[in-house]
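Trainee: Below you'll find the structure I mean.
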Amino acid sequence: MTTLGTSPVPTIICPAWCSVTQSTHQRELRWEGRALHWSDARTGEGWEVRHTSATDADGHPIDTQPKVYVTSNGGLTLAGAEALALTLLATYEEASD
Ligand SMILES: [Zn+2]
């Protein structure tokens with residue numbers, strides 16, 4: 001097979017939980033040299049949890065550590081806090097897989 005001087009567009013290998021499109025990852029790889037995988041947000045009353053990890057095109061981790069992002073608005077009810085705690089633990093387990 002011959003190529004005509006254009007490099008092939010790589011298919012980025014994502015973790016199962018990644019919700020980012022291939023075209024976004026391809027842009028990231030081109031401009032930043034790594035793909036940043038984002039999970040879907042898990043949400044509750046007044047809070048949201050997501051996590052990320054950065055890899056190269058083959059899915060190999062890049063030096064940055066996986067991160068968990070927690071956003072909350074104002075005070076949480078006790079039920080909301082309990083739901084957040086359980087969700088945060090589940091998110092941690094998925095992120096550290
Ligand atoms: Zn991804």
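In the structure tokens, each chain is lettered A, B, ... as it comes, each chain's residues begin at 1, and ligands are numbered from 1 in order of appearance.
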Might you pull out every residue within 12 Å of Gly33 in chain A, with only C-alpha atoms counted and same-chain residues fewer than 5 positions away left off, and present them as a CSV table (one decimal) with N, CA and C atoms, in the first residue's frame?
Mentor:
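Now in selection.csv:
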chain,number,residue,atom,x,y,z
A,12,ILE,N,-7.4,6.4,18.4
A,12,ILE,CA,-7.0,6.4,19.8
A,12,ILE,C,-7.7,5.4,20.6
A,25,HIS,N,-10.0,13.8,20.4
A,25,HIS,CA,-8.7,13.2,20.8
A,25,HIS,C,-7.7,13.4,19.7
A,26,GLN,N,-8.1,13.3,18.4
A,26,GLN,CA,-7.1,13.4,17.4
A,26,GLN,C,-6.6,14.9,17.4
A,27,ARG,N,-7.5,15.8,17.6
A,27,ARG,CA,-7.0,17.2,17.7
A,27,ARG,C,-6.1,17.4,18.9
A,28,GLU,N,-6.4,16.8,20.0
A,28,GLU,CA,-5.6,16.9,21.2
A,28,GLU,C,-4.2,16.3,21.0
A,54,ALA,N,-4.8,10.8,31.0
A,54,ALA,CA,-4.2,11.2,29.8
A,54,ALA,C,-3.4,10.0,29.2
A,55,THR,N,-3.5,9.8,27.9
A,55,THR,CA,-2.7,8.7,27.3
A,55,THR,C,-2.2,9.2,26.0
A,56,ASP,N,-1.3,8.4,25.4
A,56,ASP,CA,-0.9,8.5,24.0
A,56,ASP,C,-1.9,7.8,23.1
A,57,ALA,N,-1.7,7.8,21.8
A,57,ALA,CA,-2.6,7.2,20.9
A,57,ALA,C,-2.9,5.7,21.2
A,62,ILE,N,0.3,8.7,30.2
A,62,ILE,CA,1.3,9.7,30.1
A,62,ILE,C,1.5,10.2,31.5
A,63,ASP,N,2.7,10.8,31.7
A,63,ASP,CA,3.1,11.1,33.1
A,63,ASP,C,2.1,11.7,34.0
Trainee: Neighbouring residues of ligand 1 are defined here as those with any atom at most 10 Å from a ligand atom, counting only C-alpha atoms and all ligand atoms; list them as a tab-separated table (two decimals) with N, CA and C atoms, in the first residue's frame.
Mentor:
chain	number	residue	atom	x	y	z
A	12	ILE	N	-7.43	6.37	18.43
A	12	ILE	CA	-6.99	6.45	19.82
A	12	ILE	C	-7.70	5.36	20.62
A	13	ILE	N	-6.92	4.66	21.42
A	13	ILE	CA	-7.49	3.61	22.26
A	13	ILE	C	-7.93	4.23	23.58
A	14	CYS	N	-9.23	4.18	23.82
A	14	CYS	CA	-9.82	4.82	25.01
A	14	CYS	C	-10.13	3.80	26.08
A	15	PRO	N	-10.11	4.25	27.36
A	15	PRO	CA	-10.67	3.40	28.40
A	15	PRO	C	-12.18	3.22	28.16
A	16	ALA	N	-12.76	2.17	28.70
A	16	ALA	CA	-14.18	1.86	28.45
A	16	ALA	C	-15.10	3.00	28.89
A	17	TRP	N	-14.68	3.77	29.90
A	17	TRP	CA	-15.55	4.81	30.45
A	17	TRP	C	-15.43	6.14	29.73
A	18	CYS	N	-14.55	6.23	28.73
A	18	CYS	CA	-14.30	7.52	28.08
A	18	CYS	C	-15.51	7.97	27.26
A	19	SER	N	-15.85	9.27	27.39
A	19	SER	CA	-17.00	9.80	26.64
A	19	SER	C	-16.57	10.85	25.62
A	20	VAL	N	-15.28	10.92	25.33
A	20	VAL	CA	-14.76	11.92	24.39
A	20	VAL	C	-14.74	11.33	22.98
A	21	THR	N	-15.03	12.16	21.97
A	21	THR	CA	-15.05	11.66	20.59
A	21	THR	C	-13.63	11.48	20.05
A	22	GLN	N	-13.51	10.58	19.07
A	22	GLN	CA	-12.22	10.35	18.41
A	22	GLN	C	-11.68	11.64	17.80
A	24	THR	N	-12.06	14.72	18.71
A	24	THR	CA	-11.50	15.59	19.75
A	24	THR	C	-10.14	15.07	20.18
A	25	HIS	N	-10.03	13.76	20.38
A	25	HIS	CA	-8.75	13.17	20.77
A	25	HIS	C	-7.69	13.39	19.69
A	26	GLN	N	-8.09	13.25	18.44
A	26	GLN	CA	-7.12	13.44	17.35
A	26	GLN	C	-6.58	14.86	17.36
A	35	ALA	N	-3.95	12.46	24.54
A	35	ALA	CA	-5.41	12.46	24.56
A	35	ALA	C	-5.87	12.49	26.01
A	36	LEU	N	-6.80	13.38	26.31
A	36	LEU	CA	-7.32	13.48	27.67
A	36	LEU	C	-8.70	12.82	27.69
A	37	HIS	N	-8.78	11.68	28.38
A	37	HIS	CA	-10.03	10.93	28.44
A	37	HIS	C	-10.87	11.44	29.61
A	38	TRP	N	-12.13	11.73	29.31
A	38	TRP	CA	-13.08	12.21	30.34
A	38	TRP	C	-14.19	11.18	30.50
A	39	SER	N	-14.54	10.90	31.74
A	39	SER	CA	-15.70	10.04	31.98
A	39	SER	C	-16.97	10.87	31.85
A	52	THR	N	-10.61	11.89	34.85
A	52	THR	CA	-9.84	11.97	33.61
A	52	THR	C	-8.58	11.12	33.71
A	53	SER	N	-8.05	10.75	32.53
A	53	SER	CA	-6.67	10.26	32.47
A	53	SER	C	-6.12	10.65	31.10
A	54	ALA	N	-4.81	10.80	31.02
A	54	ALA	CA	-4.17	11.20	29.76
A	54	ALA	C	-3.36	10.03	29.23
A	55	THR	N	-3.47	9.77	27.93
A	55	THR	CA	-2.68	8.70	27.31
A	55	THR	C	-2.16	9.15	25.95
A	57	ALA	N	-1.65	7.78	21.81
A	57	ALA	CA	-2.64	7.21	20.89
A	57	ALA	C	-2.89	5.72	21.17
A	59	GLY	N	-3.05	4.29	24.02
A	59	GLY	CA	-3.67	4.05	25.31
A	59	GLY	C	-2.69	3.89	26.45
Trainee: Looking at only C-alpha atoms, which of A:Arg34, A:Trp47, A:Leu78, A:Ala83 is the one that sits closest to Thr64 in chain A?
Mentor: A:Arg34
Trainee: When DSSP works through the backbone of this structure, what residues of chain A end up as alpha helix (DSSP H), shown as an NGL selection string?
Mentor: :A and (22-32 or 78-95)
Trainee: Find the residues near Leu89 in chain A: any atom within 12 Å, counting only C-alpha atoms, skip ones fewer than 2 places away on the same chain, and give them as a list of chain:residue names.
Mentor: A:Arg42, A:Val49, A:Arg50, A:His51, A:Val68, A:Val70, A:Glu82, A:Ala83, A:Leu84, A:Ala85, A:Leu86, A:Thr87, A:Thr91, A:Tyr92, A:Glu93, A:Glu94, A:Ala95, A:Ser96
Trainee: Would you mind exporting N, CA and C atoms of the selected residues as a compact mmCIF listing (two decimals), in the first residue's frame?
Mentor:
# COMPACT_ATOMS: atom_id res chain seq x y z
N ARG A 42 -21.17 11.93 36.76
CA ARG A 42 -22.17 11.32 37.65
C ARG A 42 -22.70 12.48 38.47
N VAL A 49 -19.53 14.61 39.63
CA VAL A 49 -18.21 13.98 39.73
C VAL A 49 -17.82 13.44 38.35
N ARG A 50 -16.59 13.76 37.92
CA ARG A 50 -16.05 13.19 36.68
C ARG A 50 -14.60 12.82 36.93
N HIS A 51 -14.03 12.00 36.04
CA HIS A 51 -12.60 11.75 36.18
C HIS A 51 -11.94 11.70 34.82
N VAL A 68 -9.66 13.18 39.62
CA VAL A 68 -11.10 13.17 39.88
C VAL A 68 -11.53 14.61 40.14
N VAL A 70 -14.56 17.07 41.41
CA VAL A 70 -15.81 17.15 42.15
C VAL A 70 -16.28 18.60 42.12
N GLU A 82 -24.27 11.79 51.41
CA GLU A 82 -24.06 10.34 51.41
C GLU A 82 -23.97 9.83 49.98
N ALA A 83 -24.86 10.32 49.11
CA ALA A 83 -24.83 9.89 47.71
C ALA A 83 -23.52 10.31 47.06
N LEU A 84 -23.05 11.52 47.39
CA LEU A 84 -21.77 11.98 46.84
C LEU A 84 -20.63 11.10 47.32
N ALA A 85 -20.62 10.75 48.59
CA ALA A 85 -19.55 9.92 49.14
C ALA A 85 -19.49 8.57 48.43
N LEU A 86 -20.65 7.95 48.23
CA LEU A 86 -20.70 6.64 47.58
C LEU A 86 -20.27 6.74 46.12
N THR A 87 -20.74 7.81 45.46
CA THR A 87 -20.39 8.01 44.05
C THR A 87 -18.91 8.30 43.89
N THR A 91 -16.29 6.28 41.68
CA THR A 91 -15.50 6.99 40.68
C THR A 91 -14.02 6.73 40.90
N TYR A 92 -13.60 6.77 42.16
CA TYR A 92 -12.21 6.48 42.50
C TYR A 92 -11.81 5.08 42.00
N GLU A 93 -12.70 4.12 42.25
CA GLU A 93 -12.38 2.76 41.84
C GLU A 93 -12.27 2.63 40.33
N GLU A 94 -13.16 3.30 39.61
CA GLU A 94 -13.10 3.27 38.15
C GLU A 94 -11.83 3.97 37.66
N ALA A 95 -11.51 5.12 38.27
CA ALA A 95 -10.35 5.91 37.83
C ALA A 95 -9.03 5.21 38.11
N SER A 96 -8.98 4.39 39.17
CA SER A 96 -7.72 3.76 39.56
C SER A 96 -7.59 2.36 38.97
Trainee: So which residues of range 14-87 of chain A fall under strand (DSSP E or B) by DSSP, listed as a PyMOL selection string?
Mentor: chain A and resi 18+35-39+42-44+47-55+61+67-72
Trainee: CA of Leu88 in chain A and CA of Asp40 in chain A, how far apart in Å?
Mentor: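 If I compute the distance from CA of Asp40 in chain A to CA of Leu88 in chain A, I get 13.3 Å.
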Trainee: Could you jot down the CA of Arg30 in chain A to CA of Asp97 in chain A separation for me, Å, one decimal place?
Mentor: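 These two atoms are separated by 26.8 Å.
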Trainee: CA of Ser23 in chain A and CA of Glu48 in chain A, how far apart in Å?
Mentor: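 According to the coordinates, CA of Glu48 in chain A and CA of Ser23 in chain A are separated by 25.3 Å.
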